[in-house]
>>> print(open('coords_34.pdb').read())   # PDB, C-alpha atoms (C1' of nucleotides)
ATOM      1  CA  MET A   1     -14.718 -55.629 -31.188
ATOM      2  CA  PRO A   2     -17.196 -53.958 -33.416
ATOM      3  CA  GLU A   3     -20.904 -53.550 -33.286
ATOM      4  CA  LEU A   4     -22.858 -51.195 -35.525
ATOM      5  CA  PRO A   5     -21.447 -47.960 -34.029
ATOM      6  CA  GLU A   6     -17.846 -49.049 -34.396
ATOM      7  CA  VAL A   7     -18.319 -50.130 -38.010
ATOM      8  CA  GLU A   8     -20.133 -46.883 -38.775
ATOM      9  CA  VAL A   9     -17.365 -44.840 -37.132
ATOM     10  CA  LEU A  10     -14.851 -46.779 -39.195
ATOM     11  CA  ARG A  11     -16.846 -46.129 -42.361
ATOM     12  CA  ARG A  12     -17.110 -42.411 -41.729
ATOM     13  CA  SER A  13     -13.415 -42.098 -40.907
ATOM     14  CA  LEU A  14     -12.321 -43.843 -44.083
ATOM     15  CA  GLU A  15     -14.875 -42.446 -46.508
ATOM     16  CA  PRO A  16     -13.165 -39.112 -47.270
ATOM     17  CA  ARG A  17      -9.794 -40.800 -47.514
ATOM     18  CA  LEU A  18     -10.828 -43.624 -49.831
ATOM     19  CA  LEU A  19     -13.348 -42.135 -52.246
ATOM     20  CA  GLY A  20     -11.776 -41.752 -55.661
ATOM     21  CA  ARG A  21      -8.618 -43.598 -54.735
ATOM     22  CA  ARG A  22      -7.340 -46.336 -57.001
ATOM     23  CA  ILE A  23      -6.424 -49.731 -55.597
ATOM     24  CA  GLU A  24      -3.064 -50.406 -57.202
ATOM     25  CA  HIS A  25      -2.222 -53.688 -55.636
ATOM     26  CA  VAL A  26      -3.989 -56.371 -53.593
ATOM     27  CA  GLU A  27      -1.837 -58.403 -51.266
ATOM     28  CA  VAL A  28      -3.068 -61.432 -49.336
ATOM     29  CA  ARG A  29      -0.495 -61.911 -46.626
ATOM     30  CA  SER A  30      -2.258 -64.622 -44.652
ATOM     31  CA  PRO A  31      -5.476 -66.122 -45.980
ATOM     32  CA  ALA A  32      -6.579 -67.834 -42.763
ATOM     33  CA  LEU A  33      -9.685 -66.002 -41.619
ATOM     34  CA  ARG A  34     -13.124 -67.404 -40.768
ATOM     35  CA  GLU A  35     -13.452 -67.961 -44.485
ATOM     36  CA  PRO A  36     -10.120 -68.235 -46.303
ATOM     37  CA  LEU A  37      -9.244 -65.137 -48.319
ATOM     38  CA  ASP A  38      -9.498 -65.736 -52.055
ATOM     39  CA  GLY A  39      -6.583 -63.782 -53.494
ATOM     40  CA  ARG A  40      -7.500 -64.403 -57.114
ATOM     41  CA  SER A  41     -11.038 -63.146 -56.701
ATOM     42  CA  LEU A  42      -9.923 -60.129 -54.652
ATOM     43  CA  ARG A  43      -7.329 -59.146 -57.243
ATOM     44  CA  ARG A  44      -9.633 -59.690 -60.189
ATOM     45  CA  ARG A  45     -12.413 -57.542 -58.743
ATOM     46  CA  LEU A  46     -10.374 -54.836 -57.013
ATOM     47  CA  ALA A  47      -6.996 -54.311 -58.627
ATOM     48  CA  GLY A  48      -6.747 -51.165 -60.733
ATOM     49  CA  ARG A  49     -10.193 -49.865 -59.784
ATOM     50  CA  ARG A  50     -11.187 -46.706 -57.976
ATOM     51  CA  VAL A  51     -13.291 -46.659 -54.829
ATOM     52  CA  VAL A  52     -16.701 -45.163 -55.581
ATOM     53  CA  ALA A  53     -18.565 -45.598 -52.273
ATOM     54  CA  LEU A  54     -18.232 -46.782 -48.695
ATOM     55  CA  ARG A  55     -21.333 -48.297 -47.193
ATOM     56  CA  ARG A  56     -22.332 -50.293 -44.157
ATOM     57  CA  ARG A  57     -24.894 -53.070 -43.840
ATOM     58  CA  SER A  58     -25.270 -54.638 -40.411
ATOM     59  CA  LYS A  59     -21.701 -55.025 -39.118
ATOM     60  CA  TYR A  60     -20.253 -55.369 -42.622
ATOM     61  CA  LEU A  61     -18.247 -52.616 -44.263
ATOM     62  CA  LEU A  62     -18.804 -52.427 -48.023
ATOM     63  CA  VAL A  63     -16.202 -50.838 -50.271
ATOM     64  CA  ASP A  64     -17.729 -50.344 -53.720
ATOM     65  CA  VAL A  65     -15.293 -49.995 -56.599
ATOM     66  CA  GLU A  66     -15.617 -49.229 -60.294
ATOM     67  CA  ALA A  67     -17.111 -51.758 -62.683
ATOM     68  CA  GLY A  68     -19.636 -53.134 -60.216
ATOM     69  CA  SER A  69     -17.558 -54.914 -57.587
ATOM     70  CA  THR A  70     -17.582 -54.621 -53.806
ATOM     71  CA  LEU A  71     -15.062 -55.524 -51.147
ATOM     72  CA  VAL A  72     -16.950 -56.880 -48.132
ATOM     73  CA  ILE A  73     -15.202 -56.786 -44.757
ATOM     74  CA  HIS A  74     -16.356 -58.092 -41.398
ATOM     75  CA  LEU A  75     -14.153 -57.473 -38.382
ATOM     76  CA  GLY A  76     -15.347 -60.346 -36.216
ATOM     77  CA  MET A  77     -14.183 -59.778 -32.635
ATOM     78  CA  SER A  78     -10.659 -58.514 -33.102
ATOM     79  CA  GLY A  79     -10.423 -57.169 -36.630
ATOM     80  CA  ARG A  80      -8.927 -53.761 -37.326
ATOM     81  CA  LEU A  81      -8.894 -51.891 -40.599
ATOM     82  CA  THR A  82      -6.547 -48.939 -40.801
ATOM     83  CA  LEU A  83      -4.975 -46.661 -43.339
ATOM     84  CA  ALA A  84      -1.222 -46.186 -42.996
ATOM     85  CA  PRO A  85       1.693 -44.936 -45.081
ATOM     86  CA  ALA A  86       2.979 -47.654 -47.373
ATOM     87  CA  THR A  87       6.329 -47.299 -45.619
ATOM     88  CA  ALA A  88       4.870 -48.124 -42.185
ATOM     89  CA  PRO A  89       6.262 -51.354 -40.766
ATOM     90  CA  ARG A  90       4.183 -54.494 -41.040
ATOM     91  CA  GLU A  91       2.379 -55.626 -37.948
ATOM     92  CA  PRO A  92       1.446 -59.090 -36.760
ATOM     93  CA  HIS A  93      -1.766 -60.701 -37.987
ATOM     94  CA  GLU A  94      -1.983 -58.583 -41.123
ATOM     95  CA  HIS A  95      -4.143 -60.634 -43.466
ATOM     96  CA  LEU A  96      -4.929 -58.300 -46.329
ATOM     97  CA  ALA A  97      -3.309 -55.127 -47.606
ATOM     98  CA  LEU A  98      -4.525 -52.847 -50.390
ATOM     99  CA  ARG A  99      -1.960 -50.440 -51.756
ATOM    100  CA  LEU A 100      -3.609 -47.234 -52.931
ATOM    101  CA  ASP A 101      -2.497 -44.551 -55.294
ATOM    102  CA  GLY A 102      -0.961 -41.741 -53.270
ATOM    103  CA  GLY A 103       1.257 -44.089 -51.275
ATOM    104  CA  GLU A 104      -0.969 -45.430 -48.542
ATOM    105  CA  ARG A 105      -1.978 -48.910 -47.592
ATOM    106  CA  LEU A 106      -5.302 -50.075 -46.226
ATOM    107  CA  ARG A 107      -4.639 -53.070 -44.050
ATOM    108  CA  LEU A 108      -6.791 -55.607 -42.297
ATOM    109  CA  ARG A 109      -5.420 -57.161 -39.127
ATOM    110  CA  ASP A 110      -7.280 -59.762 -37.100
ATOM    111  CA  PRO A 111      -5.525 -61.726 -34.357
ATOM    112  CA  ARG A 112      -8.448 -63.978 -33.510
ATOM    113  CA  ARG A 113      -9.354 -64.542 -37.158
ATOM    114  CA  PHE A 114     -13.110 -64.404 -36.682
ATOM    115  CA  GLY A 115     -13.398 -61.774 -39.373
ATOM    116  CA  LEU A 116     -13.724 -62.159 -43.086
ATOM    117  CA  ALA A 117     -13.171 -60.381 -46.377
ATOM    118  CA  PHE A 118     -14.292 -61.179 -49.897
ATOM    119  CA  ALA A 119     -15.112 -59.475 -53.169
ATOM    120  CA  ALA A 120     -18.361 -59.897 -55.045
ATOM    121  CA  ALA A 121     -20.571 -58.298 -57.635
ATOM    122  CA  THR A 122     -22.224 -55.238 -56.089
ATOM    123  CA  ALA A 123     -25.572 -55.987 -57.688
ATOM    124  CA  LYS A 124     -25.668 -59.510 -56.263
ATOM    125  CA  LEU A 125     -24.866 -58.716 -52.629
ATOM    126  CA  GLY A 126     -28.517 -58.909 -51.636
ATOM    127  CA  ARG A 127     -28.568 -62.556 -52.626
ATOM    128  CA  ASP A 128     -25.233 -63.347 -51.024
ATOM    129  CA  PRO A 129     -25.574 -65.833 -48.142
ATOM    130  CA  HIS A 130     -23.976 -63.339 -45.753
ATOM    131  CA  PHE A 131     -26.699 -60.781 -46.444
ATOM    132  CA  GLU A 132     -29.860 -62.472 -47.613
ATOM    133  CA  ARG A 133     -31.196 -63.335 -44.160
ATOM    134  CA  LEU A 134     -30.339 -60.131 -42.323
ATOM    135  CA  GLY A 135     -33.053 -58.244 -40.491
ATOM    136  CA  PRO A 136     -33.701 -54.503 -40.631
ATOM    137  CA  GLU A 137     -31.257 -51.756 -39.716
ATOM    138  CA  PRO A 138     -32.012 -50.123 -36.358
ATOM    139  CA  LEU A 139     -31.175 -46.548 -37.424
ATOM    140  CA  ASP A 140     -32.346 -46.411 -41.005
ATOM    141  CA  PRO A 141     -35.194 -45.883 -40.464
ATOM    142  CA  PRO A 142     -35.039 -45.417 -36.675
ATOM    143  CA  LEU A 143     -36.486 -48.411 -34.886
ATOM    144  CA  ASP A 144     -39.790 -47.683 -33.178
ATOM    145  CA  GLY A 145     -42.066 -49.590 -30.843
ATOM    146  CA  ALA A 146     -44.269 -50.891 -33.639
ATOM    147  CA  ALA A 147     -41.303 -52.345 -35.523
ATOM    148  CA  LEU A 148     -39.876 -53.848 -32.345
ATOM    149  CA  ALA A 149     -43.240 -55.355 -31.459
ATOM    150  CA  ALA A 150     -43.282 -57.104 -34.829
ATOM    151  CA  ILE A 151     -39.759 -58.378 -34.220
ATOM    152  CA  VAL A 152     -40.481 -59.910 -30.814
ATOM    153  CA  ALA A 153     -43.980 -61.171 -31.599
ATOM    154  CA  GLY A 154     -44.439 -64.735 -30.433
ATOM    155  CA  SER A 155     -40.852 -65.208 -29.317
ATOM    156  CA  ARG A 156     -40.204 -67.158 -26.140
ATOM    157  CA  ALA A 157     -36.483 -66.327 -26.237
ATOM    158  CA  PRO A 158     -34.896 -63.885 -23.782
ATOM    159  CA  ILE A 159     -35.131 -60.327 -25.055
ATOM    160  CA  LYS A 160     -31.356 -59.967 -25.036
ATOM    161  CA  ALA A 161     -30.950 -62.918 -27.407
ATOM    162  CA  VAL A 162     -33.584 -61.486 -29.739
ATOM    163  CA  LEU A 163     -31.869 -58.096 -29.863
ATOM    164  CA  MET A 164     -28.602 -59.799 -30.796
ATOM    165  CA  ASP A 165     -30.153 -62.036 -33.467
ATOM    166  CA  ALA A 166     -29.121 -60.496 -36.783
ATOM    167  CA  SER A 167     -31.909 -62.253 -38.647
ATOM    168  CA  ARG A 168     -34.364 -60.122 -36.645
ATOM    169  CA  LEU A 169     -32.423 -56.879 -36.125
ATOM    170  CA  VAL A 170     -28.869 -56.123 -37.218
ATOM    171  CA  GLY A 171     -26.027 -54.249 -35.634
ATOM    172  CA  VAL A 172     -26.818 -54.699 -31.946
ATOM    173  CA  GLY A 173     -24.223 -56.814 -30.152
ATOM    174  CA  ASN A 174     -23.477 -57.635 -26.565
ATOM    175  CA  ILE A 175     -22.503 -54.184 -25.354
ATOM    176  CA  TYR A 176     -25.363 -52.195 -26.846
ATOM    177  CA  ALA A 177     -28.031 -54.826 -26.162
ATOM    178  CA  THR A 178     -26.919 -54.766 -22.523
ATOM    179  CA  GLU A 179     -26.921 -50.973 -22.308
ATOM    180  CA  ALA A 180     -30.251 -50.522 -24.100
ATOM    181  CA  LEU A 181     -31.958 -52.975 -21.750
ATOM    182  CA  PHE A 182     -30.602 -51.094 -18.758
ATOM    183  CA  ARG A 183     -31.864 -47.789 -20.121
ATOM    184  CA  ALA A 184     -35.289 -49.271 -20.751
ATOM    185  CA  GLY A 185     -35.466 -50.959 -17.341
ATOM    186  CA  ILE A 186     -35.962 -54.434 -18.806
ATOM    187  CA  HIS A 187     -34.327 -57.566 -17.410
ATOM    188  CA  PRO A 188     -32.202 -59.292 -20.075
ATOM    189  CA  ALA A 189     -33.864 -62.651 -19.439
ATOM    190  CA  ARG A 190     -37.432 -61.439 -19.948
ATOM    191  CA  ARG A 191     -39.290 -63.448 -22.581
ATOM    192  CA  ALA A 192     -39.313 -61.167 -25.593
ATOM    193  CA  GLY A 193     -42.853 -61.916 -26.709
ATOM    194  CA  ALA A 194     -44.287 -61.119 -23.255
ATOM    195  CA  ILE A 195     -43.068 -57.539 -22.961
ATOM    196  CA  ALA A 196     -45.793 -54.893 -22.951
ATOM    197  CA  ARG A 197     -45.985 -52.480 -25.827
ATOM    198  CA  ALA A 198     -45.235 -49.400 -23.704
ATOM    199  CA  ARG A 199     -41.967 -50.985 -22.603
ATOM    200  CA  LEU A 200     -41.126 -51.918 -26.192
ATOM    201  CA  ASP A 201     -41.563 -48.264 -27.103
ATOM    202  CA  ARG A 202     -39.018 -47.364 -24.463
ATOM    203  CA  LEU A 203     -36.658 -50.137 -25.535
ATOM    204  CA  ALA A 204     -36.776 -49.127 -29.199
ATOM    205  CA  ALA A 205     -35.980 -45.538 -28.255
ATOM    206  CA  ALA A 206     -33.152 -46.726 -25.997
ATOM    207  CA  ILE A 207     -31.615 -48.803 -28.789
ATOM    208  CA  VAL A 208     -31.677 -45.889 -31.212
ATOM    209  CA  ALA A 209     -30.311 -43.466 -28.624
ATOM    210  CA  VAL A 210     -27.456 -45.654 -27.415
ATOM    211  CA  LEU A 211     -26.332 -46.475 -30.956
ATOM    212  CA  GLU A 212     -26.449 -42.833 -32.040
ATOM    213  CA  GLN A 213     -24.616 -41.647 -28.930
ATOM    214  CA  ALA A 214     -21.957 -44.301 -29.386
ATOM    215  CA  ILE A 215     -21.399 -43.248 -33.002
ATOM    216  CA  HIS A 216     -21.156 -39.642 -31.895
ATOM    217  CA  ALA A 217     -18.555 -40.628 -29.271
ATOM    218  CA  GLY A 218     -16.415 -42.443 -31.839
ATOM    219  CA  GLY A 219     -17.437 -45.917 -30.703
ATOM    220  CA  THR A 220     -16.533 -47.984 -27.656
ATOM    221  CA  THR A 221     -12.855 -48.802 -27.158
ATOM    222  CA  LEU A 222     -12.635 -51.506 -24.508
ATOM    223  CA  ASN A 223      -9.331 -52.834 -25.667
ATOM    224  CA  ASP A 224      -8.168 -51.994 -29.121
ATOM    225  CA  PHE A 225     -10.881 -50.518 -31.331
ATOM    226  CA  THR A 226      -9.862 -47.520 -33.398
ATOM    227  CA  ASP A 227     -11.300 -45.858 -36.437
ATOM    228  CA  GLY A 228      -9.577 -46.144 -39.800
ATOM    229  CA  LEU A 229      -7.071 -43.450 -38.887
ATOM    230  CA  GLY A 230      -6.110 -44.856 -35.497
ATOM    231  CA  SER A 231      -8.302 -42.780 -33.164
ATOM    232  CA  ALA A 232      -9.846 -44.589 -30.194
ATOM    233  CA  GLY A 233     -13.491 -44.173 -29.210
ATOM    234  CA  GLU A 234     -14.818 -42.660 -26.001
ATOM    235  CA  PHE A 235     -18.187 -44.260 -25.410
ATOM    236  CA  GLN A 236     -16.727 -46.746 -22.901
ATOM    237  CA  VAL A 237     -16.851 -44.016 -20.247
ATOM    238  CA  SER A 238     -20.604 -43.723 -20.835
ATOM    239  CA  LEU A 239     -21.383 -47.414 -20.351
ATOM    240  CA  ALA A 240     -23.782 -47.770 -17.429
ATOM    241  CA  VAL A 241     -23.567 -51.496 -16.681
ATOM    242  CA  TYR A 242     -21.553 -53.352 -19.317
ATOM    243  CA  GLY A 243     -18.469 -54.924 -17.760
ATOM    244  CA  GLY A 244     -19.330 -53.497 -14.355
ATOM    245  CA  GLU A 245     -20.139 -56.544 -12.255
ATOM    246  CA  GLY A 246     -20.159 -55.608  -8.579
ATOM    247  CA  GLU A 247     -20.020 -51.880  -9.189
ATOM    248  CA  PRO A 248     -22.922 -49.692  -8.117
ATOM    249  CA  CYS A 249     -25.807 -49.152 -10.504
ATOM    250  CA  PRO A 250     -25.541 -45.557 -11.702
ATOM    251  CA  ARG A 251     -29.256 -45.077 -11.102
ATOM    252  CA  CYS A 252     -29.919 -46.736  -7.730
ATOM    253  CA  GLY A 253     -26.565 -47.854  -6.335
ATOM    254  CA  ALA A 254     -27.393 -51.547  -6.067
ATOM    255  CA  PRO A 255     -24.538 -53.805  -7.190
ATOM    256  CA  ILE A 256     -24.553 -54.658 -10.873
ATOM    257  CA  ARG A 257     -24.959 -58.345 -11.528
ATOM    258  CA  ARG A 258     -23.594 -60.588 -14.240
ATOM    259  CA  LEU A 259     -25.511 -63.406 -15.832
ATOM    260  CA  VAL A 260     -24.578 -65.756 -18.673
ATOM    261  CA  GLN A 261     -27.067 -66.194 -21.505
ATOM    262  CA  SER A 262     -26.273 -68.312 -24.556
ATOM    263  CA  SER A 263     -22.677 -68.249 -23.328
ATOM    264  CA  ARG A 264     -22.531 -64.445 -23.428
ATOM    265  CA  SER A 265     -22.221 -62.179 -20.398
ATOM    266  CA  SER A 266     -25.099 -59.893 -19.540
ATOM    267  CA  PHE A 267     -24.842 -57.159 -16.931
ATOM    268  CA  TYR A 268     -27.897 -55.687 -15.260
ATOM    269  CA  CYS A 269     -29.293 -54.061 -12.173
ATOM    270  CA  ALA A 270     -31.712 -56.399 -10.403
ATOM    271  CA  ARG A 271     -33.548 -53.447  -8.867
ATOM    272  CA  CYS A 272     -33.915 -51.264 -11.973
ATOM    273  CA  GLN A 273     -34.490 -54.010 -14.543
ATOM    274  CA  ARG A 274     -37.530 -56.279 -14.277
TER     275      ARG A 274
ATOM    276  C1'  DC B 275     -38.873 -74.569 -36.370
ATOM    277  C1'  DG B 276     -36.926 -71.906 -32.350
ATOM    278  C1'  DG B 277     -33.704 -71.717 -28.935
ATOM    279  C1'  DG B 278     -29.305 -72.920 -26.568
ATOM    280  C1'  DC B 279     -24.707 -74.228 -26.625
ATOM    281  C1'  DG B 280     -19.984 -75.235 -28.106
ATOM    282  C1'  DG B 281     -16.489 -74.147 -31.274
ATOM    283  C1'  DC B 282     -13.700 -71.253 -33.918
ATOM    284  C1'  DC B 283      -8.828 -68.349 -32.460
ATOM    285  C1'  DT B 284      -5.304 -65.358 -29.942
ATOM    286  C1'  DG B 285      -3.999 -62.508 -26.246
ATOM    287  C1'  DG B 286      -4.615 -59.957 -22.035
ATOM    288  C1'  DA B 287      -5.668 -60.000 -17.158
ATOM    289  C1'  DG B 288      -5.532 -61.905 -12.824
ATOM    290  C1'  DG B 289      -4.665 -65.609  -9.312
ATOM    291  C1'  DC B 290      -1.216 -68.468  -7.270
TER     292       DC B 290
ATOM    293  C1'  DT C 291       9.148 -64.731 -13.290
ATOM    294  C1'  DG C 292       6.048 -68.335 -14.869
ATOM    295  C1'  DC C 293       1.875 -71.134 -15.471
ATOM    296  C1'  DC C 294      -2.895 -71.713 -15.289
ATOM    297  C1'  DT C 295      -7.597 -70.314 -15.907
ATOM    298  C1'  DC C 296     -10.905 -67.257 -17.438
ATOM    299  C1'  DC C 297     -12.620 -63.981 -20.449
ATOM    300  C1'  DA C 298     -13.397 -61.109 -24.746
ATOM    301  C1'  DG C 299     -17.053 -56.577 -29.162
ATOM    302  C1'  DG C 300     -19.382 -62.282 -33.645
ATOM    303  C1'  DC C 301     -21.141 -65.801 -35.950
ATOM    304  C1'  DC C 302     -22.170 -70.602 -37.508
ATOM    305  C1'  DG C 303     -23.530 -75.249 -37.081
ATOM    306  C1'  DC C 304     -25.278 -78.843 -34.430
ATOM    307  C1'  DC C 305     -28.257 -80.485 -31.044
ATOM    308  C1'  DC C 306     -32.818 -81.107 -28.777
TER     309       DC C 306
END
>>> encode(input="coords_34.pdb", output="structure tokens")
Amino acid sequence: MPELPEVEVLRRSLEPRLLGRRIEHVEVRSPALREPLDGRSLRRRLAGRRVVALRRRSKYLLVDVEAGSTLVIHLGMSGRLTLAPATAPREPHEHLALRLDGGERLRLRDPRRFGLAFAAATAKLGRDPHFERLGPEPLDPPLDGAALAAIVAGSRAPIKAVLMDASRLVGVGNIYATEALFRAGIHPARRAGAIARARLDRLAAAIVAVLEQAIHAGGTTLNDFTDGLGSAGEFQVSLAVYGGEGEPCPRCGAPIRRLVQSSRSSFYCARCQR
DNA sequence: CGGGCGGCCTGGAGGC
DNA sequence: TGCCTCCAGGCCGCCC
């Protein structure tokens, strides 16, 4: 489900509702996620503490609480994190629920179970295995052609794979890599290290623009993404090629093609993208 | 080592 | 109405 824009939209939607709230109770309802939930650690680090900050790194949402602990959440493909009244009925695939003062519950659901949640010391997150090998953020500071040139230097991999490699650049997944390459007029299979600098300038600008526009639109809701309060995104109507195999290219009208790279679908216009 | 692929899961969509 | 296949926003580990 979520790439950088969706996680950022989620963060912004929850921030005003969570800051200052106390976590009264931590309930692990079903520990089976990509990494099993550790109820003891979650309770020890979170229970009784107030939320002091909501941050995002890559596609991880970070909930900082008092006394130097952080709840780390990754939504995988199908994870959803929403705030609901404590009286709201339970729903299937609810793995973790945090009861807050004021009578609400923050709950993590994840049917496909590719997500994960754990608590750790805030000061040690940089050395955590989930974080220590992550590349730079694309929006902070905004990616430019020089930074992108350094990222792709010497790589023989397809540019699309490089954009989606979190050890080189975080936050860009299948949808936004596909859309940025369309905007920049670059074929997804082009060898990354062989792309001219002028085109890298365009690609960097396209990545920044598509991510910012998607955040502004509340994210992309293909199936079930919502923010923390249940609102769907609207960027799906602005997608130029993603998911549009056989439909006309919005720029030239040629049929959009689909290609599989590293077992992921890419969509592109063979006339506009070289 | 870089790069590619399968596997992890469930559920929705579409063909027959 | 089923039953089957394919496909899905991410990531890791194994292979060459």
>>> interface_residues(input="coords_34.pdb", of="chain B", to="chain A", cutoff="9 Å", atoms="all atoms listed in the file", output="PyMOL selection string")
chain B and resi 276-280+282-285
>>> residues_around(input="coords_34.pdb", residues="segment 12-24 of chain A", least_positions_apart="4", cutoff="10 Å", atoms="only C-alpha atoms (C1' of nucleotides)", output="MDAnalysis selection string")
chainID A and resid 6:8 43 46:56 63:66 81:83 98:106 215 218 226:231
>>> residues_around(input="coords_34.pdb", residues="DA287 of chain B", least_positions_apart="4", cutoff="12 Å", atoms="all atoms listed in the file", output="list in words")
Asn223 of chain A; DT295, DC296, DC297 and DA298 of chain C
>>> closest_atom_pairs(input="coords_34.pdb", of="chain C", to="chain A", cutoff="9 Å", atoms="all atoms listed in the file", output="Markdown table")
| residue | atom | partner | partner_atom | distance |
| --- | --- | --- | --- | --- |
| C:DA298 | C1' | A:Met77 | CA | 8.0 |
| C:DG299 | C1' | A:Met1 | CA | 3.2 |
| C:DG300 | C1' | A:Gly76 | CA | 5.2 |
| C:DC301 | C1' | A:Gly76 | CA | 8.0 |
>>> atom_distance(input="coords_34.pdb", atom1="atom CA of Cys252 of chain A", atom2="atom CA of Arg199 of chain A")
19.6 Å
